[in-house]
file data-v2.txt (compact mmCIF, C-alpha atoms and all ligand atoms)
# COMPACT_ATOMS: atom_id res chain seq x y z
CA MET A 1 0.00 0.00 0.00
CA THR A 2 1.38 3.40 -0.90
CA THR A 3 0.07 6.29 1.13
CA GLY A 4 2.97 8.67 0.75
CA THR A 5 5.96 9.77 -1.25
CA SER A 6 9.62 9.50 -0.33
CA ASN A 7 9.96 13.27 -0.24
CA ARG A 8 13.11 14.80 1.20
CA TYR A 9 13.71 18.13 2.86
CA ASP A 10 17.42 18.85 2.54
CA GLU A 11 19.46 20.89 5.03
CA THR A 12 18.89 24.11 3.07
CA ASN A 13 15.13 23.57 2.93
CA ILE A 14 15.08 22.90 6.68
CA GLN A 15 17.21 25.90 7.67
CA THR A 16 15.36 28.36 5.51
CA MET A 17 11.93 27.05 6.53
CA GLU A 18 12.81 27.36 10.22
CA LEU A 19 14.24 30.82 9.68
CA VAL A 20 11.08 31.99 7.97
CA TYR A 21 8.36 30.01 9.80
CA GLY A 22 10.01 29.96 13.23
CA ARG A 23 11.77 27.40 15.40
CA GLY A 24 10.36 23.91 14.94
CA TYR A 25 8.02 24.75 12.07
CA MET A 26 7.90 23.92 8.37
CA SER A 27 4.50 25.46 7.79
CA ALA A 28 3.02 28.90 8.32
CA GLY A 29 1.80 30.41 11.58
CA GLY A 30 3.80 28.70 14.34
CA ASP A 31 2.28 28.11 17.80
CA GLU A 32 -0.60 30.49 17.03
CA GLU A 33 -1.58 28.42 14.01
CA VAL A 34 -1.57 25.26 16.17
CA ALA A 35 -3.94 27.06 18.59
CA ARG A 36 -6.24 28.03 15.70
CA ILE A 37 -6.28 24.45 14.40
CA VAL A 38 -6.98 23.05 17.88
CA GLY A 39 -9.80 25.58 18.35
CA THR A 40 -12.29 24.17 20.83
CA VAL A 41 -11.12 20.54 20.55
CA ARG A 42 -10.06 19.25 23.95
CA ILE A 43 -6.40 18.31 23.99
CA ALA A 44 -5.76 18.45 27.74
CA ASN A 45 -4.91 14.99 29.13
CA LYS A 46 -5.44 13.38 25.72
CA LYS A 47 -3.24 11.02 23.74
CA VAL A 48 -2.29 12.74 20.48
CA LEU A 49 -0.62 11.51 17.29
CA ASP A 50 1.10 14.11 15.04
CA ILE A 51 1.63 12.62 11.57
CA GLY A 52 4.40 14.37 9.64
CA CYS A 53 5.61 16.14 12.77
CA GLY A 54 8.65 17.52 10.92
CA LEU A 55 10.78 19.66 13.23
CA GLY A 56 8.43 19.10 16.18
CA GLY A 57 7.04 22.62 16.72
CA ALA A 58 3.44 21.41 16.99
CA VAL A 59 4.40 18.38 19.09
CA ILE A 60 5.93 20.74 21.65
CA SER A 61 3.04 23.20 21.51
CA LEU A 62 0.39 20.47 21.91
CA VAL A 63 2.05 19.36 25.16
CA ARG A 64 3.21 22.72 26.52
CA ASP A 65 0.36 25.02 25.43
CA HIS A 66 -2.59 22.61 25.19
CA GLY A 67 -1.82 20.13 27.98
CA ALA A 68 -1.74 16.89 25.95
CA ALA A 69 -0.98 13.90 28.19
CA HIS A 70 1.30 12.51 25.50
CA VAL A 71 2.13 13.34 21.89
CA HIS A 72 3.55 10.72 19.53
CA GLY A 73 5.20 12.46 16.57
CA ILE A 74 5.94 10.40 13.48
CA ASP A 75 7.76 11.33 10.30
CA ILE A 76 9.41 9.58 7.36
CA ASP A 77 12.46 11.86 7.47
CA ASP A 78 15.12 10.97 10.06
CA GLY A 79 17.01 14.26 9.61
CA LEU A 80 13.90 16.20 10.62
CA LEU A 81 13.22 13.88 13.55
CA ASN A 82 16.77 14.38 14.88
CA ARG A 83 16.25 18.12 14.89
CA ALA A 84 12.78 17.64 16.46
CA ALA A 85 14.35 15.55 19.25
CA GLN A 86 16.79 18.38 20.06
CA LEU A 87 13.94 20.90 20.25
CA VAL A 88 11.76 18.60 22.37
CA GLU A 89 14.67 18.16 24.78
CA ALA A 90 15.31 21.92 24.89
CA ALA A 91 11.59 22.54 25.58
CA ARG A 92 11.78 20.04 28.50
CA VAL A 93 8.78 18.03 27.34
CA SER A 94 10.62 14.77 26.51
CA GLU A 95 8.76 12.69 29.10
CA ARG A 96 5.45 13.39 27.36
CA VAL A 97 6.73 12.99 23.80
CA THR A 98 7.71 10.02 21.63
CA LEU A 99 9.23 10.55 18.19
CA THR A 100 9.27 7.66 15.74
CA SER A 101 10.61 7.25 12.24
CA THR A 102 7.99 5.57 10.04
CA ARG A 103 7.50 4.61 6.40
CA PRO A 104 4.61 5.72 4.23
CA GLY A 105 1.90 3.09 4.56
CA PRO A 106 0.02 1.45 7.42
CA LEU A 107 0.42 3.29 10.73
CA PRO A 108 2.43 1.25 13.26
CA PHE A 109 -0.25 1.48 15.98
CA ASP A 110 -3.06 -0.70 17.31
CA PRO A 111 -6.66 0.28 16.56
CA ALA A 112 -8.08 2.92 18.93
CA SER A 113 -4.70 4.14 20.23
CA PHE A 114 -5.26 7.93 20.14
CA ASP A 115 -7.86 10.51 21.14
CA VAL A 116 -6.69 13.10 18.62
CA VAL A 117 -4.70 12.89 15.39
CA TYR A 118 -3.05 16.15 14.26
CA VAL A 119 -1.88 16.48 10.63
CA THR A 120 -0.61 19.73 9.15
CA ALA A 121 0.79 20.23 5.64
CA THR A 122 1.50 16.51 5.39
CA SER A 123 -1.46 14.89 3.65
CA CYS A 124 -0.35 16.92 0.60
CA HIS A 125 2.59 14.49 0.36
CA VAL A 126 0.32 11.48 0.37
CA GLU A 127 -0.65 9.79 -2.89
CA ASN A 128 -3.61 7.72 -1.69
CA LEU A 129 -5.52 10.03 0.65
CA SER A 130 -8.48 7.68 1.24
CA VAL A 131 -6.19 4.94 2.53
CA PHE A 132 -4.27 7.49 4.61
CA PHE A 133 -7.50 8.65 6.28
CA GLN A 134 -8.67 5.05 6.71
CA GLU A 135 -5.53 4.39 8.72
CA ILE A 136 -6.09 7.51 10.83
CA HIS A 137 -9.70 6.44 11.43
CA ARG A 138 -8.47 3.01 12.55
CA VAL A 139 -6.03 4.34 15.16
CA LEU A 140 -8.49 6.88 16.62
CA ASN A 141 -10.67 6.04 19.61
CA PRO A 142 -14.44 6.19 18.98
CA GLY A 143 -15.37 9.85 19.42
CA GLY A 144 -11.78 10.82 18.60
CA ARG A 145 -10.92 13.65 16.25
CA LEU A 146 -8.67 14.29 13.31
CA ILE A 147 -7.62 17.96 13.14
CA GLY A 148 -5.20 19.80 10.91
CA GLY A 149 -4.42 22.30 8.22
CA GLU A 150 -3.89 21.63 4.53
CA TRP A 151 -3.29 23.22 1.16
CA PHE A 152 -5.84 22.59 -1.54
CA LYS A 153 -5.60 23.07 -5.27
CA GLY A 154 -7.44 26.24 -6.32
CA GLU A 155 -9.46 26.99 -9.45
CA ASN A 156 -6.63 28.55 -11.45
CA ASN A 157 -4.69 25.66 -12.89
CA SER A 158 -1.98 27.70 -14.60
CA ALA A 159 -1.17 29.58 -11.35
CA TYR A 160 -1.09 26.22 -9.59
CA ARG A 161 1.27 24.72 -12.19
CA ILE A 162 3.78 27.57 -11.73
CA TRP A 163 3.84 26.92 -7.98
CA ASP A 164 4.07 23.15 -8.44
CA THR A 165 7.09 23.62 -10.73
CA LEU A 166 8.80 25.87 -8.16
CA LEU A 167 8.29 23.20 -5.50
CA ARG A 168 9.63 20.43 -7.73
CA ASP A 169 12.68 22.60 -8.53
CA ARG A 170 13.36 22.59 -4.78
CA GLY A 171 13.14 18.79 -4.74
CA LEU A 172 9.69 18.71 -3.10
CA ASN A 173 6.95 16.54 -4.55
CA PHE A 174 3.37 17.10 -3.52
CA SER A 175 0.04 15.54 -4.44
CA PHE A 176 -2.32 18.46 -3.84
CA VAL A 177 -6.03 17.86 -4.30
CA ASP A 178 -8.92 20.31 -4.30
CA GLN A 179 -11.17 20.65 -1.27
CA PRO A 180 -14.07 18.52 -2.62
CA ASN A 181 -11.66 15.64 -3.31
CA PHE A 182 -10.11 16.07 0.13
CA GLU A 183 -13.55 15.84 1.76
CA GLN A 184 -14.41 12.85 -0.40
CA ALA A 185 -11.21 11.08 0.76
CA LEU A 186 -12.15 11.79 4.41
CA ARG A 187 -15.55 10.20 3.84
CA ALA A 188 -13.96 7.24 2.04
CA GLY A 189 -11.65 6.88 5.05
CA GLY A 190 -14.69 6.39 7.29
CA PHE A 191 -15.28 9.89 8.68
CA SER A 192 -18.81 11.25 8.49
CA THR A 193 -18.71 14.37 10.67
CA ILE A 194 -16.41 16.67 8.72
CA SER A 195 -15.85 20.42 8.71
CA ILE A 196 -13.41 22.52 6.72
CA ALA A 197 -12.85 26.21 7.45
CA ASP A 198 -11.40 28.24 4.61
CA ARG A 199 -8.20 29.97 5.74
CA THR A 200 -6.96 31.11 2.33
CA LEU A 201 -7.04 34.85 3.01
CA ALA A 202 -5.37 34.56 6.43
CA THR A 203 -2.69 32.22 5.06
CA MET A 204 -2.15 34.43 2.02
CA ASN A 205 -1.55 37.34 4.41
CA LEU A 206 0.95 35.22 6.33
CA ALA A 207 2.63 34.31 3.02
CA GLU A 208 2.86 38.00 2.14
CA GLY A 209 4.37 38.75 5.56
CA TYR A 210 6.98 36.02 5.03
CA LEU A 211 7.75 37.43 1.58
CA ARG A 212 8.36 40.91 3.06
CA GLN A 213 10.63 39.40 5.74
CA VAL A 214 12.67 37.56 3.12
CA GLU A 215 12.99 40.77 1.08
CA ASN A 216 13.96 42.90 4.11
CA LYS A 217 14.68 41.66 7.64
CA LEU A 218 15.95 38.18 6.70
CA TYR A 219 17.66 39.22 3.46
CA GLU A 220 21.25 39.45 4.73
CA THR A 221 21.02 36.27 6.84
CA LEU A 222 19.59 34.33 3.92
CA LEU A 223 22.20 35.77 1.56
CA SER A 224 25.05 34.56 3.75
CA SER A 225 23.55 31.10 4.26
CA LEU A 226 22.23 30.49 0.73
CA GLY A 227 24.52 32.59 -1.45
CA GLU A 228 23.24 34.78 -4.28
CA LYS A 229 21.92 31.99 -6.46
CA GLY A 230 20.29 30.16 -3.56
CA LEU A 231 18.67 33.35 -2.31
CA ALA A 232 17.35 34.19 -5.77
CA SER A 233 15.76 30.75 -5.98
CA PHE A 234 14.33 31.06 -2.46
CA MET A 235 12.92 34.52 -3.27
CA ALA A 236 11.30 33.13 -6.41
CA TRP A 237 9.79 30.33 -4.31
CA THR A 238 8.48 32.71 -1.61
CA ARG A 239 7.07 35.12 -4.21
CA GLY A 240 5.64 32.24 -6.22
CA ARG A 241 3.75 30.94 -3.20
CA TYR A 242 2.21 34.33 -2.46
CA GLN A 243 1.39 34.84 -6.15
CA CYS A 244 -0.19 31.41 -6.38
CA PHE A 245 -2.48 32.20 -3.45
CA ALA A 246 -3.32 35.63 -4.82
CA GLU A 247 -4.30 34.13 -8.19
CA ASP A 248 -6.34 31.25 -6.75
CA GLY A 249 -3.86 28.54 -7.69
CA MET A 250 -3.89 27.28 -4.10
CA ARG A 251 -6.16 27.51 -1.08
CA TYR A 252 -5.69 26.63 2.54
CA GLY A 253 -8.10 25.21 5.10
CA HIS A 254 -8.38 23.92 8.65
CA PHE A 255 -10.21 20.62 8.86
CA GLN A 256 -11.84 18.57 11.57
CA ALA A 257 -13.28 15.08 11.28
CA LYS A 258 -14.81 12.99 14.05
CA LYS A 259 -14.79 9.22 14.39
CA ASP A 260 -18.40 8.40 15.28
C1 LIG A 301 5.53 20.60 5.04
S1 LIG A 301 6.19 19.51 6.22
C2 LIG A 301 5.14 19.90 7.61
C3 LIG A 301 5.78 19.53 8.92
C4 LIG A 301 4.97 19.89 10.15
N1 LIG A 301 3.68 19.25 10.17
C5 LIG A 301 4.81 21.39 10.23
O1 LIG A 301 3.69 21.88 10.01
O2 LIG A 301 5.78 22.07 10.55
C6 LIG A 301 5.59 17.88 5.76
C7 LIG A 301 6.13 16.75 6.63
O3 LIG A 301 5.48 15.53 6.32
C8 LIG A 301 6.43 14.48 6.34
N2 LIG A 301 5.82 13.35 5.61
C9 LIG A 301 5.58 13.24 4.27
N3 LIG A 301 4.93 12.09 4.00
C10 LIG A 301 4.73 11.46 5.18
C11 LIG A 301 4.10 10.22 5.56
N4 LIG A 301 3.56 9.40 4.67
N5 LIG A 301 4.09 9.88 6.88
C12 LIG A 301 4.64 10.71 7.81
N6 LIG A 301 5.24 11.89 7.51
C13 LIG A 301 5.29 12.26 6.22
C14 LIG A 301 7.66 15.12 5.75
O4 LIG A 301 8.83 14.40 6.01
C15 LIG A 301 7.62 16.49 6.46
O5 LIG A 301 8.20 16.46 7.71
call {"tool": "encode", "arguments": {"input": "data-v2.txt", "output": "structure tokens"}}
result
Amino acid sequence: MTTGTSNRYDETNIQTMELVYGRGYMSAGGDEEVARIVGTVRIANKKVLDIGCGLGGAVISLVRDHGAAHVHGIDIDDGLLNRAAQLVEAARVSERVTLTSTRPGPLPFDPASFDVVYVTATSCHVENLSVFFQEIHRVLNPGGRLIGGEWFKGENNSAYRIWDTLLRDRGLNFSFVDQPNFEQALRAGGFSTISIADRTLATMNLAEGYLRQVENKLYETLLSSLGEKGLASFMAWTRGRYQCFAEDGMRYGHFQAKKD
């Protein structure tokens, strides 16, 4: 069964993402975005699984800011998990965190192992979304919730294709779907109570803020770490993302799905 790609974030991708998005994050919004995704879902004293935990920012926040009893972070990339382990240690939350390297495919957990599954900017790497959600449904307790944030393909296919090419040039392969197909995959995975809140405008504003930082405050730092050519490519990527949002090539949403 294939439910993911063997995508790789190299050292440059990691460093620049952390510089722009903040310590421990590879997606927009940092701890505040985690809080928005959590919303009114009860995390305190719950067992949480973070799939595609990356550099561990959300793992730490779910324990420290939302009182999770335990967060199990999994990722297919050992380099990211090593960095996540350092950050978890530095945040002094190690006793309530487990980090595990996994492969795309069946989740290595018994049925009904978690109260909440958190997935942000990761299902876009997954080729067979229905099977991915089926697995999440299996490992959730009855009444448990899947929460997260994800990019969706927008209406403007040519704007989307420009962005997709920029990502592939950076060695990142994604399988973005539009929101109706995402919802359909959730239903096929066994979820019936589903809600998706459109966050395109807010995320586009964040993307614009990141673009301004790269052009101004972070310019010199990025120039010395990436060199002229690397910075030019990173600028094109950051601009391309904002442009893609602005032209409806991509959308962003927060989703919730309950296991009945
Ligand atoms: C854009 S990053 C987001 C990381 C983190 N969720 C965040 O918001 O900072 C996507 C992450 O998903 C991981 N990933 C991709 N496919 C995966 C899979 N099938 N299972 C687990 N992790 C996966 C990647 O290695 C990467 O860490």
call {"tool": "residues_around", "arguments": {"input": "data-v2.txt", "residues": "His72 of chain A", "least_positions_apart": "2", "cutoff": "9 Å", "atoms": "all atoms listed in the file", "output": "MDAnalysis selection string"}}
result
chainID A and resid 47:51 53 59 70 74 96:100
call {"tool": "closest_atom_pairs", "arguments": {"input": "data-v2.txt", "of": "chain A", "to": "ligand LIG 301 (chain A)", "cutoff": "6 Å", "atoms": "only C-alpha atoms and all ligand atoms", "output": "CSV"}}
result
residue,atom,partner,partner_atom,distance
A:Thr3,CA,A:LIG301,N4,5.9
A:Gly4,CA,A:LIG301,N4,4.0
A:Thr5,CA,A:LIG301,N3,5.8
A:Tyr25,CA,A:LIG301,O2,3.8
A:Met26,CA,A:LIG301,O2,3.6
A:Ser27,CA,A:LIG301,O1,4.3
A:Ile51,CA,A:LIG301,C12,5.2
A:Gly52,CA,A:LIG301,N6,3.4
A:Cys53,CA,A:LIG301,N1,4.5
A:Gly54,CA,A:LIG301,O5,3.4
A:Ile74,CA,A:LIG301,C12,5.8
A:Asp75,CA,A:LIG301,N6,3.8
A:Ile76,CA,A:LIG301,N6,4.8
A:Asp77,CA,A:LIG301,O4,4.7
A:Pro104,CA,A:LIG301,N4,3.9
A:Thr120,CA,A:LIG301,N1,4.4
A:Ala121,CA,A:LIG301,C2,4.8
A:Thr122,CA,A:LIG301,O3,4.2
A:His125,CA,A:LIG301,N3,4.9
A:Val126,CA,A:LIG301,N4,5.8
call {"tool": "closest_residue", "arguments": {"input": "data-v2.txt", "among": "A:Thr203, A:Gln179, A:Arg170, A:Arg212", "to": "Glu11 of chain A", "atoms": "all atoms listed in the file"}}
result
A:Arg170
call {"tool": "atom_distance", "arguments": {"input": "data-v2.txt", "atom1": "atom CA of Met235 of chain A", "atom2": "atom CA of Gly148 of chain A"}}
result
27.3 Å
call {"tool": "closest_residue", "arguments": {"input": "data-v2.txt", "among": "A:Leu167, A:Ser224, A:Val131, A:Val41", "to": "Thr238 of chain A", "atoms": "all atoms listed in the file"}}
result
A:Leu167
call {"tool": "atom_distance", "arguments": {"input": "data-v2.txt", "atom1": "atom CA of Gly209 of chain A", "atom2": "atom CA of Phe255 of chain A"}}
result
23.5 Å
call {"tool": "closest_residue", "arguments": {"input": "data-v2.txt", "among": "A:Ser175, A:Ser113, A:Asn128, A:Asn156", "to": "Gly189 of chain A", "atoms": "only C-alpha atoms"}}
result
A:Asn128
call {"tool": "closest_residue", "arguments": {"input": "data-v2.txt", "among": "A:Asp169, A:Ala257, A:Val63, A:Glu215", "to": "Ile136 of chain A", "atoms": "all atoms listed in the file"}}
result
A:Ala257
call {"tool": "build_atoms", "arguments": {"input": "data-v2.txt", "residues": "segment 178-214 of chain A", "atoms": "N, CA and C atoms", "output": "PDB file, in the coordinates of the input"}}
result
ATOM      1  N   ASP A 178      -8.034  19.194  -4.659  1.00  0.00           N
ATOM      2  CA  ASP A 178      -8.920  20.310  -4.300  1.00  0.00           C
ATOM      3  C   ASP A 178      -9.768  19.917  -3.088  1.00  0.00           C
ATOM      4  N   GLN A 179     -10.443  20.912  -2.526  1.00  0.00           N
ATOM      5  CA  GLN A 179     -11.170  20.650  -1.270  1.00  0.00           C
ATOM      6  C   GLN A 179     -12.259  19.573  -1.406  1.00  0.00           C
ATOM      7  N   PRO A 180     -13.059  19.584  -2.501  1.00  0.00           N
ATOM      8  CA  PRO A 180     -14.070  18.520  -2.620  1.00  0.00           C
ATOM      9  C   PRO A 180     -13.442  17.122  -2.621  1.00  0.00           C
ATOM     10  N   ASN A 181     -12.306  16.963  -3.291  1.00  0.00           N
ATOM     11  CA  ASN A 181     -11.660  15.640  -3.310  1.00  0.00           C
ATOM     12  C   ASN A 181     -11.084  15.281  -1.945  1.00  0.00           C
ATOM     13  N   PHE A 182     -10.622  16.293  -1.215  1.00  0.00           N
ATOM     14  CA  PHE A 182     -10.110  16.070   0.130  1.00  0.00           C
ATOM     15  C   PHE A 182     -11.245  15.562   1.038  1.00  0.00           C
ATOM     16  N   GLU A 183     -12.385  16.241   0.946  1.00  0.00           N
ATOM     17  CA  GLU A 183     -13.550  15.840   1.760  1.00  0.00           C
ATOM     18  C   GLU A 183     -14.006  14.438   1.386  1.00  0.00           C
ATOM     19  N   GLN A 184     -13.999  14.163   0.093  1.00  0.00           N
ATOM     20  CA  GLN A 184     -14.410  12.850  -0.400  1.00  0.00           C
ATOM     21  C   GLN A 184     -13.480  11.758   0.167  1.00  0.00           C
ATOM     22  N   ALA A 185     -12.183  12.049   0.217  1.00  0.00           N
ATOM     23  CA  ALA A 185     -11.210  11.080   0.760  1.00  0.00           C
ATOM     24  C   ALA A 185     -11.462  10.856   2.258  1.00  0.00           C
ATOM     25  N   LEU A 186     -11.827  11.938   2.977  1.00  0.00           N
ATOM     26  CA  LEU A 186     -12.150  11.790   4.410  1.00  0.00           C
ATOM     27  C   LEU A 186     -13.342  10.857   4.588  1.00  0.00           C
ATOM     28  N   ARG A 187     -14.356  11.056   3.731  1.00  0.00           N
ATOM     29  CA  ARG A 187     -15.550  10.200   3.840  1.00  0.00           C
ATOM     30  C   ARG A 187     -15.186   8.759   3.492  1.00  0.00           C
ATOM     31  N   ALA A 188     -14.372   8.595   2.432  1.00  0.00           N
ATOM     32  CA  ALA A 188     -13.960   7.240   2.040  1.00  0.00           C
ATOM     33  C   ALA A 188     -13.126   6.588   3.137  1.00  0.00           C
ATOM     34  N   GLY A 189     -12.450   7.409   3.942  1.00  0.00           N
ATOM     35  CA  GLY A 189     -11.650   6.880   5.050  1.00  0.00           C
ATOM     36  C   GLY A 189     -12.496   6.484   6.247  1.00  0.00           C
ATOM     37  N   GLY A 190     -13.798   6.822   6.223  1.00  0.00           N
ATOM     38  CA  GLY A 190     -14.690   6.390   7.290  1.00  0.00           C
ATOM     39  C   GLY A 190     -15.223   7.521   8.146  1.00  0.00           C
ATOM     40  N   PHE A 191     -14.799   8.753   7.878  1.00  0.00           N
ATOM     41  CA  PHE A 191     -15.280   9.890   8.680  1.00  0.00           C
ATOM     42  C   PHE A 191     -16.595  10.404   8.114  1.00  0.00           C
ATOM     43  N   SER A 192     -17.560  10.686   8.998  1.00  0.00           N
ATOM     44  CA  SER A 192     -18.810  11.250   8.490  1.00  0.00           C
ATOM     45  C   SER A 192     -19.026  12.674   8.974  1.00  0.00           C
ATOM     46  N   THR A 193     -18.540  13.003  10.171  1.00  0.00           N
ATOM     47  CA  THR A 193     -18.710  14.370  10.670  1.00  0.00           C
ATOM     48  C   THR A 193     -17.463  15.163  10.311  1.00  0.00           C
ATOM     49  N   ILE A 194     -17.594  15.994   9.281  1.00  0.00           N
ATOM     50  CA  ILE A 194     -16.410  16.670   8.720  1.00  0.00           C
ATOM     51  C   ILE A 194     -16.682  18.164   8.633  1.00  0.00           C
ATOM     52  N   SER A 195     -15.707  18.984   8.997  1.00  0.00           N
ATOM     53  CA  SER A 195     -15.850  20.420   8.710  1.00  0.00           C
ATOM     54  C   SER A 195     -14.521  20.968   8.213  1.00  0.00           C
ATOM     55  N   ILE A 196     -14.614  21.881   7.247  1.00  0.00           N
ATOM     56  CA  ILE A 196     -13.410  22.520   6.720  1.00  0.00           C
ATOM     57  C   ILE A 196     -13.624  24.025   6.723  1.00  0.00           C
ATOM     58  N   ALA A 197     -12.741  24.742   7.403  1.00  0.00           N
ATOM     59  CA  ALA A 197     -12.850  26.210   7.450  1.00  0.00           C
ATOM     60  C   ALA A 197     -11.834  26.793   6.484  1.00  0.00           C
ATOM     61  N   ASP A 198     -12.311  27.632   5.581  1.00  0.00           N
ATOM     62  CA  ASP A 198     -11.400  28.240   4.610  1.00  0.00           C
ATOM     63  C   ASP A 198     -10.482  29.243   5.299  1.00  0.00           C
ATOM     64  N   ARG A 199      -9.179  29.077   5.112  1.00  0.00           N
ATOM     65  CA  ARG A 199      -8.200  29.970   5.740  1.00  0.00           C
ATOM     66  C   ARG A 199      -7.295  30.591   4.677  1.00  0.00           C
ATOM     67  N   THR A 200      -7.799  30.645   3.435  1.00  0.00           N
ATOM     68  CA  THR A 200      -6.960  31.110   2.330  1.00  0.00           C
ATOM     69  C   THR A 200      -6.481  32.541   2.542  1.00  0.00           C
ATOM     70  N   LEU A 201      -7.415  33.437   2.885  1.00  0.00           N
ATOM     71  CA  LEU A 201      -7.040  34.850   3.010  1.00  0.00           C
ATOM     72  C   LEU A 201      -6.002  35.038   4.123  1.00  0.00           C
ATOM     73  N   ALA A 202      -6.283  34.423   5.279  1.00  0.00           N
ATOM     74  CA  ALA A 202      -5.370  34.560   6.430  1.00  0.00           C
ATOM     75  C   ALA A 202      -3.988  33.989   6.077  1.00  0.00           C
ATOM     76  N   THR A 203      -3.975  32.856   5.374  1.00  0.00           N
ATOM     77  CA  THR A 203      -2.690  32.220   5.060  1.00  0.00           C
ATOM     78  C   THR A 203      -1.974  32.988   3.957  1.00  0.00           C
ATOM     79  N   MET A 204      -2.756  33.583   3.054  1.00  0.00           N
ATOM     80  CA  MET A 204      -2.150  34.430   2.020  1.00  0.00           C
ATOM     81  C   MET A 204      -1.493  35.648   2.678  1.00  0.00           C
ATOM     82  N   ASN A 205      -2.149  36.206   3.700  1.00  0.00           N
ATOM     83  CA  ASN A 205      -1.550  37.340   4.410  1.00  0.00           C
ATOM     84  C   ASN A 205      -0.271  36.927   5.120  1.00  0.00           C
ATOM     85  N   LEU A 206      -0.291  35.722   5.705  1.00  0.00           N
ATOM     86  CA  LEU A 206       0.950  35.220   6.330  1.00  0.00           C
ATOM     87  C   LEU A 206       2.040  35.084   5.270  1.00  0.00           C
ATOM     88  N   ALA A 207       1.657  34.518   4.113  1.00  0.00           N
ATOM     89  CA  ALA A 207       2.630  34.310   3.020  1.00  0.00           C
ATOM     90  C   ALA A 207       3.206  35.652   2.569  1.00  0.00           C
ATOM     91  N   GLU A 208       2.369  36.682   2.547  1.00  0.00           N
ATOM     92  CA  GLU A 208       2.860  38.000   2.140  1.00  0.00           C
ATOM     93  C   GLU A 208       3.839  38.541   3.195  1.00  0.00           C
ATOM     94  N   GLY A 209       3.488  38.322   4.471  1.00  0.00           N
ATOM     95  CA  GLY A 209       4.370  38.750   5.560  1.00  0.00           C
ATOM     96  C   GLY A 209       5.735  38.066   5.464  1.00  0.00           C
ATOM     97  N   TYR A 210       5.715  36.754   5.158  1.00  0.00           N
ATOM     98  CA  TYR A 210       6.980  36.020   5.030  1.00  0.00           C
ATOM     99  C   TYR A 210       7.786  36.568   3.850  1.00  0.00           C
ATOM    100  N   LEU A 211       7.078  36.887   2.761  1.00  0.00           N
ATOM    101  CA  LEU A 211       7.750  37.430   1.580  1.00  0.00           C
ATOM    102  C   LEU A 211       8.452  38.746   1.941  1.00  0.00           C
ATOM    103  N   ARG A 212       7.753  39.615   2.667  1.00  0.00           N
ATOM    104  CA  ARG A 212       8.360  40.910   3.060  1.00  0.00           C
ATOM    105  C   ARG A 212       9.569  40.683   3.966  1.00  0.00           C
ATOM    106  N   GLN A 213       9.480  39.684   4.861  1.00  0.00           N
ATOM    107  CA  GLN A 213      10.630  39.400   5.740  1.00  0.00           C
ATOM    108  C   GLN A 213      11.837  38.944   4.929  1.00  0.00           C
ATOM    109  N   VAL A 214      11.575  38.083   3.948  1.00  0.00           N
ATOM    110  CA  VAL A 214      12.670  37.560   3.120  1.00  0.00           C
ATOM    111  C   VAL A 214      13.303  38.706   2.324  1.00  0.00           C
TER     112      VAL A 214
END
